[in-house]
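> Got a file for you: input39.pdb, PDB, C-alpha atoms.
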ATOM      1  CA  MET A1199    -106.632  53.801  -4.892
ATOM      2  CA  ILE A1200    -104.359  50.853  -5.673
ATOM      3  CA  THR A1201    -106.415  47.841  -6.718
ATOM      4  CA  HIS A1202    -103.862  45.705  -8.569
ATOM      5  CA  ALA A1203    -100.234  44.638  -8.249
ATOM      6  CA  VAL A1204     -98.258  44.007 -11.430
ATOM      7  CA  GLY A1205     -95.028  41.999 -11.465
ATOM      8  CA  LEU A1206     -92.821  42.001 -14.539
ATOM      9  CA  SER A1207     -89.763  39.758 -14.723
ATOM     10  CA  LEU A1208     -87.823  41.358 -17.550
ATOM     11  CA  GLY A1209     -85.458  39.206 -19.614
ATOM     12  CA  PRO A1210     -82.061  40.648 -20.620
ATOM     13  CA  THR A1211     -82.795  40.258 -24.351
ATOM     14  CA  SER A1212     -85.719  39.471 -26.648
ATOM     15  CA  SER A1213     -84.494  35.891 -26.970
ATOM     16  CA  VAL A1214     -85.046  35.352 -23.232
ATOM     17  CA  GLU A1215     -88.675  35.310 -22.153
ATOM     18  CA  SER A1216     -90.103  37.897 -19.799
ATOM     19  CA  GLY A1217     -93.013  37.127 -17.496
ATOM     20  CA  VAL A1218     -95.894  39.298 -16.356
ATOM     21  CA  ALA A1219     -98.374  38.671 -13.546
ATOM     22  CA  VAL A1220    -101.323  40.767 -12.362
ATOM     23  CA  ARG A1221    -102.775  40.247  -8.907
ATOM     24  CA  GLU A1222    -106.047  41.622  -7.596
ATOM     25  CA  MET A1223    -105.311  43.120  -4.189
ATOM     26  CA  ALA A1224    -108.799  42.665  -2.709
ATOM     27  CA  SER A1225    -108.934  38.911  -3.295
ATOM     28  CA  GLY A1226    -105.195  38.203  -3.436
ATOM     29  CA  LYS A1227    -105.782  36.138  -6.590
ATOM     30  CA  LEU A1228    -103.705  36.130  -9.748
ATOM     31  CA  ILE A1229    -105.967  37.298 -12.548
ATOM     32  CA  TYR A1230    -103.437  37.326 -15.383
ATOM     33  CA  VAL A1231    -100.130  35.538 -16.074
ATOM     34  CA  ASP A1232     -98.363  35.574 -19.429
ATOM     35  CA  LYS A1233     -95.046  35.401 -21.279
ATOM     36  CA  LEU A1234     -93.619  38.319 -23.253
ATOM     37  CA  PHE A1235     -90.498  38.525 -25.400
ATOM     38  CA  SER A1236     -89.705  41.805 -27.159
ATOM     39  CA  MET A1237     -89.993  45.293 -25.677
ATOM     40  CA  ASN A1238     -92.817  45.826 -28.184
ATOM     41  CA  ASP A1239     -94.725  43.052 -26.377
ATOM     42  CA  VAL A1240     -94.100  44.757 -23.034
ATOM     43  CA  ASN A1241     -95.133  48.133 -24.432
ATOM     44  CA  LEU A1242     -98.283  46.611 -25.955
ATOM     45  CA  PHE A1243     -99.186  45.039 -22.605
ATOM     46  CA  PHE A1244     -99.005  48.376 -20.783
ATOM     47  CA  GLU A1245    -100.832  50.227 -23.588
ATOM     48  CA  ASN A1246    -103.743  47.805 -23.276
ATOM     49  CA  TYR A1247    -103.655  47.448 -19.498
ATOM     50  CA  PRO A1248    -106.770  49.266 -18.219
ATOM     51  CA  SER A1249    -105.812  49.788 -14.554
ATOM     52  CA  LEU A1250    -102.439  51.466 -14.962
ATOM     53  CA  LYS A1251    -103.167  54.382 -12.621
ATOM     54  CA  ASN A1252    -104.658  52.018 -10.000
ATOM     55  CA  SER A1253    -101.729  49.610  -9.970
ATOM     56  CA  ILE A1254     -98.350  49.342  -8.353
ATOM     57  CA  ILE A1255     -95.772  47.902 -10.751
ATOM     58  CA  CYS A1256     -92.580  46.065  -9.794
ATOM     59  CA  VAL A1257     -90.134  45.289 -12.603
ATOM     60  CA  SER A1258     -87.080  43.094 -12.140
ATOM     61  CA  LEU A1259     -83.555  44.157 -13.045
ATOM     62  CA  PRO A1260     -82.223  41.827 -15.748
ATOM     63  CA  TRP A1261     -78.543  40.939 -15.729
ATOM     64  CA  ASP A1262     -76.457  42.565 -18.453
ATOM     65  CA  ASN A1263     -75.417  39.616 -20.617
ATOM     66  CA  THR A1264     -73.856  41.667 -23.403
ATOM     67  CA  MET A1265     -70.395  40.549 -22.417
ATOM     68  CA  LEU A1266     -67.899  39.235 -24.054
ATOM     69  CA  GLU A1267     -66.070  36.154 -24.944
ATOM     70  CA  GLY A1268     -65.982  32.988 -22.910
ATOM     71  CA  LYS A1269     -68.711  31.445 -20.771
ATOM     72  CA  TRP A1270     -66.667  31.710 -17.550
ATOM     73  CA  ARG A1271     -66.385  35.493 -18.012
ATOM     74  CA  VAL A1272     -70.156  35.841 -18.364
ATOM     75  CA  LEU A1273     -70.758  33.704 -15.270
ATOM     76  CA  SER A1274     -68.092  35.506 -13.239
ATOM     77  CA  LYS A1275     -69.297  39.012 -14.076
ATOM     78  CA  PRO A1276     -71.628  39.448 -11.056
ATOM     79  CA  TYR A1277     -68.796  38.520  -8.713
ATOM     80  CA  GLN A1278     -66.114  40.919  -9.921
ATOM     81  CA  MET A1279     -65.126  43.663  -7.516
ATOM     82  CA  ILE A1280     -66.481  46.951  -8.786
ATOM     83  CA  HIS A1281     -64.066  49.352  -7.123
ATOM     84  CA  SER A1282     -61.397  50.665  -9.416
ATOM     85  CA  HIS A1283     -57.748  50.421  -8.606
ATOM     86  CA  GLY A1284     -54.729  51.900 -10.389
ATOM     87  CA  ASN A1285     -54.512  50.061 -13.685
ATOM     88  CA  PHE A1286     -58.015  48.561 -13.747
ATOM     89  CA  ILE A1287     -59.533  48.677 -17.234
ATOM     90  CA  ASN A1288     -63.311  48.495 -17.496
ATOM     91  CA  SER A1289     -63.172  46.756 -20.832
ATOM     92  CA  ASP A1290     -66.512  45.933 -22.485
ATOM     93  CA  ASN A1291     -68.304  47.714 -19.636
ATOM     94  CA  TRP A1292     -67.294  44.977 -17.219
ATOM     95  CA  MET A1293     -68.773  46.754 -14.203
ATOM     96  CA  GLN A1294     -72.271  47.116 -15.685
ATOM     97  CA  ARG A1295     -74.215  44.506 -13.676
ATOM     98  CA  PHE A1296     -77.728  45.217 -14.919
ATOM     99  CA  SER A1297     -79.190  45.754 -18.365
ATOM    100  CA  THR A1298     -80.823  49.107 -19.139
ATOM    101  CA  ARG A1299     -83.412  47.328 -21.301
ATOM    102  CA  GLY A1300     -86.866  48.891 -20.950
ATOM    103  CA  SER A1301     -85.713  51.778 -18.740
ATOM    104  CA  ASP A1302     -87.137  54.453 -21.068
ATOM    105  CA  LEU A1303     -90.543  52.770 -21.176
ATOM    106  CA  LEU A1304     -90.685  52.429 -17.399
ATOM    107  CA  LEU A1305     -89.699  56.073 -16.898
ATOM    108  CA  SER A1306     -92.447  57.173 -19.291
ATOM    109  CA  LEU A1307     -94.973  55.074 -17.326
ATOM    110  CA  LYS A1308     -93.852  56.790 -14.131
ATOM    111  CA  GLU A1309     -94.103  60.224 -15.753
ATOM    112  CA  ASN A1310     -97.672  59.358 -16.776
ATOM    113  CA  GLY A1311     -98.668  58.721 -13.162
ATOM    114  CA  ALA A1312     -97.999  55.015 -12.665
ATOM    115  CA  GLU A1313     -96.243  53.761  -9.532
ATOM    116  CA  VAL A1314     -93.208  51.927 -10.896
ATOM    117  CA  PHE A1315     -90.412  50.308  -8.898
ATOM    118  CA  ARG A1316     -87.559  47.979  -9.739
ATOM    119  CA  TYR A1317     -86.400  44.893  -7.824
ATOM    120  CA  GLU A1318     -83.484  42.477  -7.895
ATOM    121  CA  ILE A1319     -85.078  39.048  -8.021
ATOM    122  CA  TYR A1320     -82.460  37.085  -6.091
ATOM    123  CA  LEU A1321     -82.218  39.597  -3.232
ATOM    124  CA  THR A1322     -86.020  39.680  -3.041
ATOM    125  CA  ARG A1323     -86.278  35.894  -2.965
ATOM    126  CA  GLN A1324     -83.755  35.762  -0.127
ATOM    127  CA  LYS A1325     -85.641  38.314   1.947
ATOM    128  CA  MET A1326     -88.965  36.532   1.403
ATOM    129  CA  ASN A1327     -87.606  33.057   2.200
ATOM    130  CA  LEU A1328     -88.155  31.967  -1.396
ATOM    131  CA  TYR A1329     -84.537  31.067  -2.022
ATOM    132  CA  SER A1330     -83.618  27.414  -2.482
ATOM    133  CA  ASN A1331     -80.285  25.623  -2.229
ATOM    134  CA  PHE A1332     -80.519  24.594  -5.871
ATOM    135  CA  LYS A1333     -78.841  26.280  -8.825
ATOM    136  CA  GLU A1334     -80.703  29.458  -9.774
ATOM    137  CA  ARG A1335     -83.387  28.893 -12.412
ATOM    138  CA  SER A1336     -82.729  25.145 -12.544
ATOM    139  CA  SER A1337     -85.693  22.739 -12.682
ATOM    140  CA  ALA A1338     -85.376  21.950  -8.977
ATOM    141  CA  ASP A1339     -85.198  25.655  -8.102
ATOM    142  CA  CYS A1340     -88.319  26.391 -10.165
ATOM    143  CA  LYS A1341     -90.222  23.499  -8.569
ATOM    144  CA  PHE A1342     -89.278  24.799  -5.133
ATOM    145  CA  LEU A1343     -90.348  28.351  -5.995
ATOM    146  CA  GLN A1344     -93.682  27.269  -7.489
ATOM    147  CA  ALA A1345     -94.487  24.932  -4.578
ATOM    148  CA  THR A1346     -93.610  27.606  -2.015
ATOM    149  CA  LEU A1347     -95.691  30.274  -3.760
ATOM    150  CA  LYS A1348     -98.610  27.864  -3.881
ATOM    151  CA  ASN A1349     -98.384  26.415  -0.379
ATOM    152  CA  GLU A1350     -96.889  29.200   1.738
ATOM    153  CA  PHE A1351     -98.249  32.293  -0.012
ATOM    154  CA  GLY A1352    -101.687  30.969  -0.968
ATOM    155  CA  PHE A1353    -101.489  31.154  -4.765
ATOM    156  CA  GLU A1354    -103.821  28.192  -5.183
ATOM    157  CA  GLU A1355    -104.519  29.125  -8.787
ATOM    158  CA  LEU A1356    -100.976  28.119  -9.812
ATOM    159  CA  PRO A1357    -101.121  24.910 -11.849
ATOM    160  CA  SER A1358     -99.589  21.633 -10.749
ATOM    161  CA  ASN A1359     -97.467  21.381 -13.904
ATOM    162  CA  MET A1360     -94.267  23.420 -14.142
ATOM    163  CA  MET A1361     -94.634  27.097 -15.018
ATOM    164  CA  PRO A1362     -91.941  29.101 -16.856
ATOM    165  CA  VAL A1363     -89.475  30.650 -14.434
ATOM    166  CA  ALA A1364     -90.119  34.181 -15.765
ATOM    167  CA  GLN A1365     -93.784  33.916 -14.775
ATOM    168  CA  LEU A1366     -92.877  32.679 -11.286
ATOM    169  CA  GLU A1367     -90.463  35.590 -10.839
ATOM    170  CA  ALA A1368     -93.228  37.959 -11.954
ATOM    171  CA  VAL A1369     -95.464  36.526  -9.209
ATOM    172  CA  VAL A1370     -92.679  37.345  -6.737
ATOM    173  CA  GLY A1371     -92.891  40.906  -8.087
ATOM    174  CA  THR A1372     -96.576  41.079  -7.156
ATOM    175  CA  LEU A1373     -95.700  39.977  -3.604
ATOM    176  CA  LEU A1374     -93.116  42.749  -3.382
ATOM    177  CA  ALA A1375     -95.679  45.261  -4.650
ATOM    178  CA  GLU A1376     -98.057  44.158  -1.888
ATOM    179  CA  ASN A1377     -95.299  44.698   0.665
ATOM    180  CA  LYS A1378     -94.705  48.165  -0.789
ATOM    181  CA  LEU A1379     -98.367  49.020  -0.190
ATOM    182  CA  LYS A1380     -97.993  47.865   3.424
ATOM    183  CA  ASN A1381     -94.898  50.095   3.848
ATOM    184  CA  ASN A1382     -92.834  46.981   4.429
ATOM    185  CA  THR A1383     -90.106  47.822   1.900
ATOM    186  CA  LYS A1384     -87.057  50.030   1.691
ATOM    187  CA  LYS A1385     -85.091  51.597  -1.137
ATOM    188  CA  ILE A1386     -81.774  49.782  -1.553
ATOM    189  CA  PHE A1387     -80.417  51.788  -4.498
ATOM    190  CA  GLU A1388     -81.515  53.661  -7.598
ATOM    191  CA  PHE A1389     -81.253  52.474 -11.187
ATOM    192  CA  LYS A1390     -81.942  54.775 -14.134
ATOM    193  CA  ASN A1391     -84.006  57.188 -11.982
ATOM    194  CA  LEU A1392     -86.228  54.477 -10.543
ATOM    195  CA  ASP A1393     -86.062  53.207  -6.958
ATOM    196  CA  VAL A1394     -84.948  49.614  -6.477
ATOM    197  CA  ILE A1395     -86.781  48.261  -3.449
ATOM    198  CA  ASN A1396     -86.689  45.183  -1.268
ATOM    199  CA  VAL A1397     -88.565  43.841   1.725
ATOM    200  CA  ILE A1398     -87.399  45.190   5.085
TER     201      ILE A1398
END
Hey, can you dump this file as C-alpha cells for me?

Amino acid sequence: MITHAVGLSLGPTSSVESGVAVREMASGKLIYVDKLFSMNDVNLFFENYPSLKNSIICVSLPWDNTMLEGKWRVLSKPYQMIHSHGNFINSDNWMQRFSTRGSDLLLSLKENGAEVFRYEIYLTRQKMNLYSNFKERSSADCKFLQATLKNEFGFEELPSNMMPVAQLEAVVGTLLAENKLKNNTKKIFEFKNLDVINVI
C-alpha cells in the first residue's frame, strides 16, 4: 500500500542543488523537505529512507548542460529542431536534451521494487496551472510557485520566507505522484527505461 509520495528535483550537476520532498498521503502534509547536491547524497537519502516499498517516487529530468561554448548556445539548446537533415552534424551531442545523471540509481530502485517515474518539471507545471509569466526559476517565478502551492494546493506548512527552487519543484513532484495514484496521469515518453509521466 502506498503511504508516501516522494518528489526529487534533480540538478544537472553536483554544483546545482537538488531538492527532495516527502509527503504523507493520508494527511496530505509534507513531512520532509531538504536539499541534496551530489549523487552520493541522493543515494544516501534512498538508502536511509524507510518507506521505499510503500512510496511512489517522481524524479525530474534535469537539462543536459554539458554543452559547449557560448552562453547563447546553452540557452538555445532546448529550442533546436531535433530532426536530422542532410548535412546536420550533431556536434557535442547537441540533440541530447536531458542529462542521464542518476539514471542507474533510479533503475536499481525500480528493480528493487520501488515505483519510480520521471517528470519534466516545466510541462508538469503547465498542466497543473503552476506556470507563471515570469522567467523560469527567477525570484518572481519562485514566489509565484510557493504562494500557489501554499494557497491553492493546501501546503500550509510551507514557510513564508522564500524556499529554494529545487525544493519547490520537488513538492510539485509529490503532487504528480498523488495524481499517478489517482490514475490521473499518462506516459508521455520514456527516458532510460523509466516512464516519463504528466497529468492528463
> Name the residues in contact with Lys1341 (chain A) at a cut-off of 12 Å, using all atoms listed in the file, excluding same-chain residues fewer than 2 positions from it; report them as a ChimeraX atom specification.
/A:1328-1339,1343-1349,1356-1363,1366
> Any chance you could resolve the PyMOL selection byres ((chain A and resi 1217-1222) around 7) against this file and give the residues as a list in words?
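So the PyMOL selection byres ((chain A and resi 1217-1222) around 7), applied here, picks out Thr1201, His1202, Ala1203, Val1204, Gly1205, Leu1206, Ser1207, Leu1208, Glu1215, Ser1216, Met1223, Ala1224, Ser1225, Gly1226, Lys1227, Leu1228, Ile1229, Tyr1230, Val1231, Asp1232, Lys1233, Leu1234, Ala1364, Gln1365, Ala1368, Val1369 and Thr1372 of chain A.
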> Please save C-alpha atoms of the selected residues as an mmCIF file, in the coordinates of the input.

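Printed below is result.cif as written:
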data_model
loop_
_atom_site.group_PDB
_atom_site.id
_atom_site.type_symbol
_atom_site.label_atom_id
_atom_site.label_comp_id
_atom_site.auth_asym_id
_atom_site.auth_seq_id
_atom_site.Cartn_x
_atom_site.Cartn_y
_atom_site.Cartn_z
ATOM 1 C CA THR A 1201 -106.415 47.841 -6.718
ATOM 2 C CA HIS A 1202 -103.862 45.705 -8.569
ATOM 3 C CA ALA A 1203 -100.234 44.638 -8.249
ATOM 4 C CA VAL A 1204 -98.258 44.007 -11.430
ATOM 5 C CA GLY A 1205 -95.028 41.999 -11.465
ATOM 6 C CA LEU A 1206 -92.821 42.001 -14.539
ATOM 7 C CA SER A 1207 -89.763 39.758 -14.723
ATOM 8 C CA LEU A 1208 -87.823 41.358 -17.550
ATOM 9 C CA GLU A 1215 -88.675 35.310 -22.153
ATOM 10 C CA SER A 1216 -90.103 37.897 -19.799
ATOM 11 C CA MET A 1223 -105.311 43.120 -4.189
ATOM 12 C CA ALA A 1224 -108.799 42.665 -2.709
ATOM 13 C CA SER A 1225 -108.934 38.911 -3.295
ATOM 14 C CA GLY A 1226 -105.195 38.203 -3.436
ATOM 15 C CA LYS A 1227 -105.782 36.138 -6.590
ATOM 16 C CA LEU A 1228 -103.705 36.130 -9.748
ATOM 17 C CA ILE A 1229 -105.967 37.298 -12.548
ATOM 18 C CA TYR A 1230 -103.437 37.326 -15.383
ATOM 19 C CA VAL A 1231 -100.130 35.538 -16.074
ATOM 20 C CA ASP A 1232 -98.363 35.574 -19.429
ATOM 21 C CA LYS A 1233 -95.046 35.401 -21.279
ATOM 22 C CA LEU A 1234 -93.619 38.319 -23.253
ATOM 23 C CA ALA A 1364 -90.119 34.181 -15.765
ATOM 24 C CA GLN A 1365 -93.784 33.916 -14.775
ATOM 25 C CA ALA A 1368 -93.228 37.959 -11.954
ATOM 26 C CA VAL A 1369 -95.464 36.526 -9.209
ATOM 27 C CA THR A 1372 -96.576 41.079 -7.156
#
> Once the PyMOL selection byres ((chain A and resi 1395) around 12) has been applied to the shown file, what residues remain in the selection, as a ChimeraX atom specification?
/A:1255-1259,1314-1319,1321-1322,1325,1371,1374-1375,1377-1378,1381-1389,1392-1394,1396-1398
> Could you check which of A:Leu1379, A:Leu1250, A:Ile1200, A:Leu1303 is closest to Met1237 (chain A), using only C-alpha atoms?
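For Met1237 (chain A), the nearest of the candidates is A:Leu1303.
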> I'd like to know which of A:Gln1294, A:Ser1249, A:Asn1327, A:Asn1310 is closest to Trp1261 (chain A), using all atoms listed in the file.
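Under the stated criterion, the closest residue is A:Gln1294.
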> Please compute the CA of Ser1213 (chain A)-CA of Leu1304 (chain A) distance, one decimal, in Å.
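If I compute the distance from CA of Ser1213 (chain A) to CA of Leu1304 (chain A), I get 20.1 Å.
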> Given all atoms listed in the file as the basis, pick out the residue of A:Thr1211, A:Asp1302, A:Leu1307, A:Phe1296 nearest to Glu1245 (chain A).
A:Leu1307
> Report the distance between CA of Asn1263 (chain A) and CA of Val1240 (chain A) in Å, rounded to one decimal place.
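It comes out at 19.5 Å.
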> From the structure block, carefully write region 1347-1382 of chain A out with C-alpha atoms; format it as a PDB file, in the first residue's frame.

ATOM      1  CA  LEU A1347       1.439  25.673  -3.654  1.00  0.00           C
ATOM      2  CA  LYS A1348       0.561  27.162  -0.283  1.00  0.00           C
ATOM      3  CA  ASN A1349      -2.750  28.802  -1.156  1.00  0.00           C
ATOM      4  CA  GLU A1350      -4.195  26.663  -3.950  1.00  0.00           C
ATOM      5  CA  PHE A1351      -2.839  23.224  -3.050  1.00  0.00           C
ATOM      6  CA  GLY A1352      -3.045  23.481   0.742  1.00  0.00           C
ATOM      7  CA  PHE A1353       0.631  23.155   1.676  1.00  0.00           C
ATOM      8  CA  GLU A1354       0.196  25.320   4.760  1.00  0.00           C
ATOM      9  CA  GLU A1355       3.439  24.037   6.239  1.00  0.00           C
ATOM     10  CA  LEU A1356       5.473  25.938   3.617  1.00  0.00           C
ATOM     11  CA  PRO A1357       7.244  28.864   5.281  1.00  0.00           C
ATOM     12  CA  SER A1358       6.552  32.493   4.475  1.00  0.00           C
ATOM     13  CA  ASN A1359      10.197  33.158   3.587  1.00  0.00           C
ATOM     14  CA  MET A1360      11.490  32.086   0.176  1.00  0.00           C
ATOM     15  CA  MET A1361      12.345  28.410  -0.258  1.00  0.00           C
ATOM     16  CA  PRO A1362      14.999  27.144  -2.706  1.00  0.00           C
ATOM     17  CA  VAL A1363      13.520  26.477  -6.129  1.00  0.00           C
ATOM     18  CA  ALA A1364      14.716  22.842  -6.130  1.00  0.00           C
ATOM     19  CA  GLN A1365      12.630  22.125  -3.029  1.00  0.00           C
ATOM     20  CA  LEU A1366       9.551  23.751  -4.577  1.00  0.00           C
ATOM     21  CA  GLU A1367       9.981  21.659  -7.730  1.00  0.00           C
ATOM     22  CA  ALA A1368      10.273  18.555  -5.542  1.00  0.00           C
ATOM     23  CA  VAL A1369       6.919  19.451  -3.950  1.00  0.00           C
ATOM     24  CA  VAL A1370       5.464  19.577  -7.471  1.00  0.00           C
ATOM     25  CA  GLY A1371       6.812  16.032  -7.868  1.00  0.00           C
ATOM     26  CA  THR A1372       4.793  14.886  -4.854  1.00  0.00           C
ATOM     27  CA  LEU A1373       1.649  16.377  -6.430  1.00  0.00           C
ATOM     28  CA  LEU A1374       2.341  14.455  -9.630  1.00  0.00           C
ATOM     29  CA  ALA A1375       2.845  11.262  -7.619  1.00  0.00           C
ATOM     30  CA  GLU A1376      -0.556  11.803  -5.996  1.00  0.00           C
ATOM     31  CA  ASN A1377      -2.108  12.192  -9.439  1.00  0.00           C
ATOM     32  CA  LYS A1378      -0.413   8.957 -10.511  1.00  0.00           C
ATOM     33  CA  LEU A1379      -2.085   7.146  -7.607  1.00  0.00           C
ATOM     34  CA  LYS A1380      -5.446   8.552  -8.731  1.00  0.00           C
ATOM     35  CA  ASN A1381      -4.808   7.301 -12.305  1.00  0.00           C
ATOM     36  CA  ASN A1382      -4.836  10.895 -13.480  1.00  0.00           C
TER      37      ASN A1382
END
